[in-house]
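Below is one structure; the comments refer to it alone.
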Amino acid sequence: MDLLLLGAGMGVAGGLFPSPLHMIALAQVALKRRALALLVLVGAPLVVDGALLLVTFFFYQYIPHNIAHDVAYLGGAIVLAFGAYSLAQARGKSQEEMARSGALTYTSVSVGVLAEATAPGTWVYWLTVAGPIIEEGRRNGYWRVAPFFAGSLAGYYGAAIVSVWLMAWGAGLHKKFKQRLFLFANLLLVVLGISYVVRAYLGR
């Protein structure tokens, strides 16, 4: 029960904390692409966390623990570039035209996966929290630590979906802000990208 509650608590905290995935999904909601927003918000972490679960399971002892710092540069560059790209694509176009853009659709999903894979927090979680718990499971039985991961999944996805829905609902209360939601989400992506790079530089 302790591990279940710990996993759920950490999952909820991660799901509520604004991330590039939240902003990409919010931009898709602004374009009325709710299914795509859900794919970015749920599908990308599933793919990345599934891969990192295997990597951590088999190679935990060999992964350098400063990798979270190193990938911050790459993650920041990807998020910053996508935010700038989306803003450039939006110039002079209506939301309907952007919603029909196949290039923006494909790029949103691809960047969602890359942003999750290169987010410093993702690596911190797997190396400092999930990794030791997997090692505990190796010694004492994986069934003992399974509740932690079940709680993490339920907490993260539930909180992430609810938080994006609340942001979109709040924007809908103010018509002018709703019209600028795509712009707002991508400006925040640029800010998040810059913050990744700055934090990595300051943490050298």
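Here's how to read the names in the structure tokens: chain A, B, ... by the order shown, residue numbers from 1 in each chain, ligand numbers from 1 in the order shown.
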Pull the closest atom pair for each residue of segment 80-125 of chain A that gets at most 10 Å from segment 188-202 of chain A, along with the distance in Å to one decimal, counting only C-alpha atoms, ordering rows by chain and then ascending residue number, as CSV.
```
residue,atom,partner,partner_atom,distance
A:Leu80,CA,A:Gly193,CA,4.4
A:Ala81,CA,A:Val190,CA,7.6
A:Phe82,CA,A:Leu189,CA,7.8
A:Gly83,CA,A:Val190,CA,5.1
A:Ala84,CA,A:Val190,CA,6.7
A:Tyr85,CA,A:Val190,CA,9.9
A:Ser86,CA,A:Leu189,CA,9.8
A:Leu87,CA,A:Val190,CA,9.7
A:Ala115,CA,A:Gly193,CA,9.6
A:Ala119,CA,A:Tyr196,CA,8.3
A:Pro120,CA,A:Tyr196,CA,8.0
```
With N, CA, C and O atoms kept, could you save the residues just selected as a PDB file, in the first residue's frame?
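Written file, part-v9.pdb:
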```pdb
ATOM      1  N   LEU A  80      12.352  24.204 -27.898  1.00  0.00           N
ATOM      2  CA  LEU A  80      12.476  25.576 -28.380  1.00  0.00           C
ATOM      3  C   LEU A  80      12.244  25.643 -29.893  1.00  0.00           C
ATOM      4  O   LEU A  80      11.500  26.508 -30.391  1.00  0.00           O
ATOM      5  N   ALA A  81      12.863  24.719 -30.636  1.00  0.00           N
ATOM      6  CA  ALA A  81      12.726  24.716 -32.090  1.00  0.00           C
ATOM      7  C   ALA A  81      11.284  24.442 -32.512  1.00  0.00           C
ATOM      8  O   ALA A  81      10.766  25.085 -33.440  1.00  0.00           O
ATOM      9  N   PHE A  82      10.610  23.502 -31.811  1.00  0.00           N
ATOM     10  CA  PHE A  82       9.234  23.193 -32.193  1.00  0.00           C
ATOM     11  C   PHE A  82       8.298  24.356 -31.884  1.00  0.00           C
ATOM     12  O   PHE A  82       7.394  24.664 -32.667  1.00  0.00           O
ATOM     13  N   GLY A  83       8.503  25.004 -30.723  1.00  0.00           N
ATOM     14  CA  GLY A  83       7.678  26.165 -30.395  1.00  0.00           C
ATOM     15  C   GLY A  83       7.824  27.252 -31.444  1.00  0.00           C
ATOM     16  O   GLY A  83       6.831  27.836 -31.908  1.00  0.00           O
ATOM     17  N   ALA A  84       9.066  27.524 -31.860  1.00  0.00           N
ATOM     18  CA  ALA A  84       9.318  28.542 -32.886  1.00  0.00           C
ATOM     19  C   ALA A  84       8.719  28.122 -34.227  1.00  0.00           C
ATOM     20  O   ALA A  84       8.131  28.944 -34.945  1.00  0.00           O
ATOM     21  N   TYR A  85       8.855  26.836 -34.558  1.00  0.00           N
ATOM     22  CA  TYR A  85       8.299  26.306 -35.818  1.00  0.00           C
ATOM     23  C   TYR A  85       6.777  26.460 -35.846  1.00  0.00           C
ATOM     24  O   TYR A  85       6.197  26.890 -36.857  1.00  0.00           O
ATOM     25  N   SER A  86       6.114  26.113 -34.751  1.00  0.00           N
ATOM     26  CA  SER A  86       4.650  26.212 -34.690  1.00  0.00           C
ATOM     27  C   SER A  86       4.191  27.659 -34.824  1.00  0.00           C
ATOM     28  O   SER A  86       3.199  27.943 -35.502  1.00  0.00           O
ATOM     29  N   LEU A  87       4.922  28.570 -34.161  1.00  0.00           N
ATOM     30  CA  LEU A  87       4.561  29.984 -34.259  1.00  0.00           C
ATOM     31  C   LEU A  87       4.748  30.488 -35.687  1.00  0.00           C
ATOM     32  O   LEU A  87       3.931  31.271 -36.198  1.00  0.00           O
ATOM     33  N   ALA A 115      10.384  15.141 -26.991  1.00  0.00           N
ATOM     34  CA  ALA A 115      10.404  16.020 -25.817  1.00  0.00           C
ATOM     35  C   ALA A 115      10.336  15.210 -24.533  1.00  0.00           C
ATOM     36  O   ALA A 115      11.018  15.519 -23.552  1.00  0.00           O
ATOM     37  N   ALA A 119      13.452  14.966 -21.808  1.00  0.00           N
ATOM     38  CA  ALA A 119      13.151  15.815 -20.647  1.00  0.00           C
ATOM     39  C   ALA A 119      14.022  15.398 -19.474  1.00  0.00           C
ATOM     40  O   ALA A 119      14.103  14.204 -19.154  1.00  0.00           O
ATOM     41  N   PRO A 120      14.713  16.330 -18.834  1.00  0.00           N
ATOM     42  CA  PRO A 120      15.557  15.971 -17.677  1.00  0.00           C
ATOM     43  C   PRO A 120      14.785  15.232 -16.595  1.00  0.00           C
ATOM     44  O   PRO A 120      15.290  14.280 -15.997  1.00  0.00           O
TER      45      PRO A 120
END
```
Give me the residues of segment 1-66 of chain A that have any atom at most 10 Å from an atom of segment 93-97 of chain A; for each, the nearest atom pair and the distance in Å, rounded to one decimal. Use only C-alpha atoms, sort by chain and number, and format it as a tab-separated table.
```
residue	atom	partner	partner_atom	distance
A:Ala30	CA	A:Gln95	CA	8.2
A:Leu31	CA	A:Gln95	CA	6.1
A:Lys32	CA	A:Gln95	CA	9.0
```
So how many Å separate atom CA of Val164 of chain A and atom CA of Ala68 of chain A, to one decimal?
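Separating atom CA of Val164 of chain A from atom CA of Ala68 of chain A is a distance of 25.5 Å.
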Given only C-alpha atoms as the basis, pick out the residue of A:Tyr106, A:Ser152, A:Phe57, A:Leu26 nearest to Phe184 of chain A.
A:Leu26
Each residue of segment 81-188 of chain A with at least one atom at most 12 Å from segment 7-22 of chain A should appear once, together with its nearest atom pair and the corresponding distance in Å (one decimal); atoms considered: only C-alpha atoms; ordering: chain, then increasing residue number; output as CSV.
```
residue,atom,partner,partner_atom,distance
A:Ala81,CA,A:Pro20,CA,11.9
A:Phe82,CA,A:Pro20,CA,10.0
A:Gly83,CA,A:Pro20,CA,9.5
A:Ser108,CA,A:Leu21,CA,9.6
A:Val109,CA,A:Leu21,CA,9.7
A:Ser110,CA,A:Leu21,CA,11.1
A:Val111,CA,A:Leu21,CA,8.9
A:Gly112,CA,A:Leu21,CA,5.8
A:Val113,CA,A:Leu21,CA,8.5
A:Leu114,CA,A:Leu21,CA,9.9
A:Ala115,CA,A:Pro20,CA,6.6
A:Glu116,CA,A:Leu21,CA,7.1
A:Ala117,CA,A:Leu21,CA,10.8
A:Thr118,CA,A:Pro20,CA,10.6
A:Ala119,CA,A:Pro20,CA,8.6
A:Pro120,CA,A:Ser19,CA,10.9
A:Gly121,CA,A:Gly14,CA,8.9
A:Thr122,CA,A:Gly14,CA,9.6
A:Val124,CA,A:Gly14,CA,11.9
A:Tyr125,CA,A:Met10,CA,9.5
A:Val129,CA,A:Gly7,CA,9.8
A:Ala130,CA,A:Gly7,CA,9.4
A:Ile133,CA,A:Gly7,CA,10.6
A:Val145,CA,A:Gly7,CA,9.8
A:Ala146,CA,A:Gly7,CA,9.7
A:Pro147,CA,A:Gly7,CA,7.5
A:Phe148,CA,A:Gly7,CA,4.4
A:Phe149,CA,A:Gly7,CA,6.1
A:Ala150,CA,A:Gly7,CA,7.3
A:Gly151,CA,A:Ala8,CA,4.1
A:Ser152,CA,A:Gly7,CA,4.3
A:Leu153,CA,A:Gly11,CA,6.4
A:Ala154,CA,A:Ala8,CA,6.7
A:Gly155,CA,A:Gly11,CA,4.3
A:Tyr156,CA,A:Gly11,CA,3.9
A:Tyr157,CA,A:Gly15,CA,6.3
A:Gly158,CA,A:Gly15,CA,7.3
A:Ala159,CA,A:Gly15,CA,4.7
A:Ala160,CA,A:Gly15,CA,4.1
A:Ile161,CA,A:Gly15,CA,7.8
A:Val162,CA,A:Leu16,CA,8.3
A:Ser163,CA,A:Leu16,CA,5.9
A:Val164,CA,A:His22,CA,6.3
A:Trp165,CA,A:His22,CA,10.0
A:Leu166,CA,A:Leu16,CA,10.6
A:Met167,CA,A:His22,CA,9.6
A:Ala168,CA,A:His22,CA,10.9
A:Ala185,CA,A:His22,CA,8.6
A:Asn186,CA,A:Pro20,CA,9.2
A:Leu187,CA,A:Pro20,CA,10.9
A:Leu188,CA,A:Pro20,CA,8.3
```
Could the residues in this selection be saved with C-alpha atoms as an mmCIF file, in the first residue's frame?
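Wrote it out as result22.cif, contents follow:
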```
data_model
loop_
_atom_site.group_PDB
_atom_site.id
_atom_site.type_symbol
_atom_site.label_atom_id
_atom_site.label_comp_id
_atom_site.auth_asym_id
_atom_site.auth_seq_id
_atom_site.Cartn_x
_atom_site.Cartn_y
_atom_site.Cartn_z
ATOM 1 C CA ALA A 81 12.726 24.716 -32.090
ATOM 2 C CA PHE A 82 9.234 23.193 -32.193
ATOM 3 C CA GLY A 83 7.678 26.165 -30.395
ATOM 4 C CA SER A 108 3.496 17.488 -33.056
ATOM 5 C CA VAL A 109 3.424 13.740 -32.394
ATOM 6 C CA SER A 110 7.124 13.287 -33.219
ATOM 7 C CA VAL A 111 8.200 16.190 -31.037
ATOM 8 C CA GLY A 112 5.920 14.963 -28.241
ATOM 9 C CA VAL A 113 7.877 11.694 -28.147
ATOM 10 C CA LEU A 114 11.275 13.414 -28.452
ATOM 11 C CA ALA A 115 10.404 16.020 -25.817
ATOM 12 C CA GLU A 116 9.428 13.304 -23.353
ATOM 13 C CA ALA A 117 12.533 11.241 -24.133
ATOM 14 C CA THR A 118 14.870 14.203 -23.635
ATOM 15 C CA ALA A 119 13.151 15.815 -20.647
ATOM 16 C CA PRO A 120 15.557 15.971 -17.677
ATOM 17 C CA GLY A 121 12.751 15.023 -15.303
ATOM 18 C CA THR A 122 12.146 11.772 -17.180
ATOM 19 C CA VAL A 124 15.789 11.862 -13.012
ATOM 20 C CA TYR A 125 12.675 9.808 -12.306
ATOM 21 C CA VAL A 129 13.338 6.818 -8.109
ATOM 22 C CA ALA A 130 12.198 4.022 -10.401
ATOM 23 C CA ILE A 133 12.694 0.405 -6.834
ATOM 24 C CA VAL A 145 7.035 -3.165 -6.351
ATOM 25 C CA ALA A 146 4.352 -3.500 -9.047
ATOM 26 C CA PRO A 147 1.887 -1.283 -7.054
ATOM 27 C CA PHE A 148 4.360 1.616 -7.289
ATOM 28 C CA PHE A 149 4.299 1.571 -11.085
ATOM 29 C CA ALA A 150 0.540 0.973 -11.229
ATOM 30 C CA GLY A 151 -0.016 3.972 -8.964
ATOM 31 C CA SER A 152 2.418 6.090 -10.989
ATOM 32 C CA LEU A 153 0.626 5.325 -14.256
ATOM 33 C CA ALA A 154 -2.843 5.985 -12.887
ATOM 34 C CA GLY A 155 -1.764 9.150 -11.072
ATOM 35 C CA TYR A 156 0.239 10.618 -13.962
ATOM 36 C CA TYR A 157 -2.217 10.041 -16.788
ATOM 37 C CA GLY A 158 -5.240 11.004 -14.729
ATOM 38 C CA ALA A 159 -3.626 14.232 -13.519
ATOM 39 C CA ALA A 160 -2.172 15.109 -16.943
ATOM 40 C CA ILE A 161 -5.488 14.705 -18.752
ATOM 41 C CA VAL A 162 -7.409 16.611 -16.079
ATOM 42 C CA SER A 163 -4.861 19.467 -15.981
ATOM 43 C CA VAL A 164 -4.935 19.987 -19.770
ATOM 44 C CA TRP A 165 -8.740 19.792 -19.751
ATOM 45 C CA LEU A 166 -8.876 22.404 -16.971
ATOM 46 C CA MET A 167 -6.536 24.739 -18.861
ATOM 47 C CA ALA A 168 -8.633 24.405 -22.013
ATOM 48 C CA ALA A 185 0.803 27.259 -25.617
ATOM 49 C CA ASN A 186 3.623 27.598 -28.143
ATOM 50 C CA LEU A 187 5.082 30.677 -26.464
ATOM 51 C CA LEU A 188 5.221 28.630 -23.255
#
```
I'd like the interatomic distance between atom CA of Leu53 of chain A and atom CA of Thr105 of chain A, to a tenth of an Å.
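It comes out at 27.5 Å.
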Please return as an NGL selection string: the residues of chain A that backbone DSSP assigns to alpha helix (DSSP H).
:A and (2-16 or 20-30 or 34-38 or 44-59 or 67-90 or 95-99 or 102-117 or 120-124 or 131-140 or 142-172 or 175-179 or 181-202)
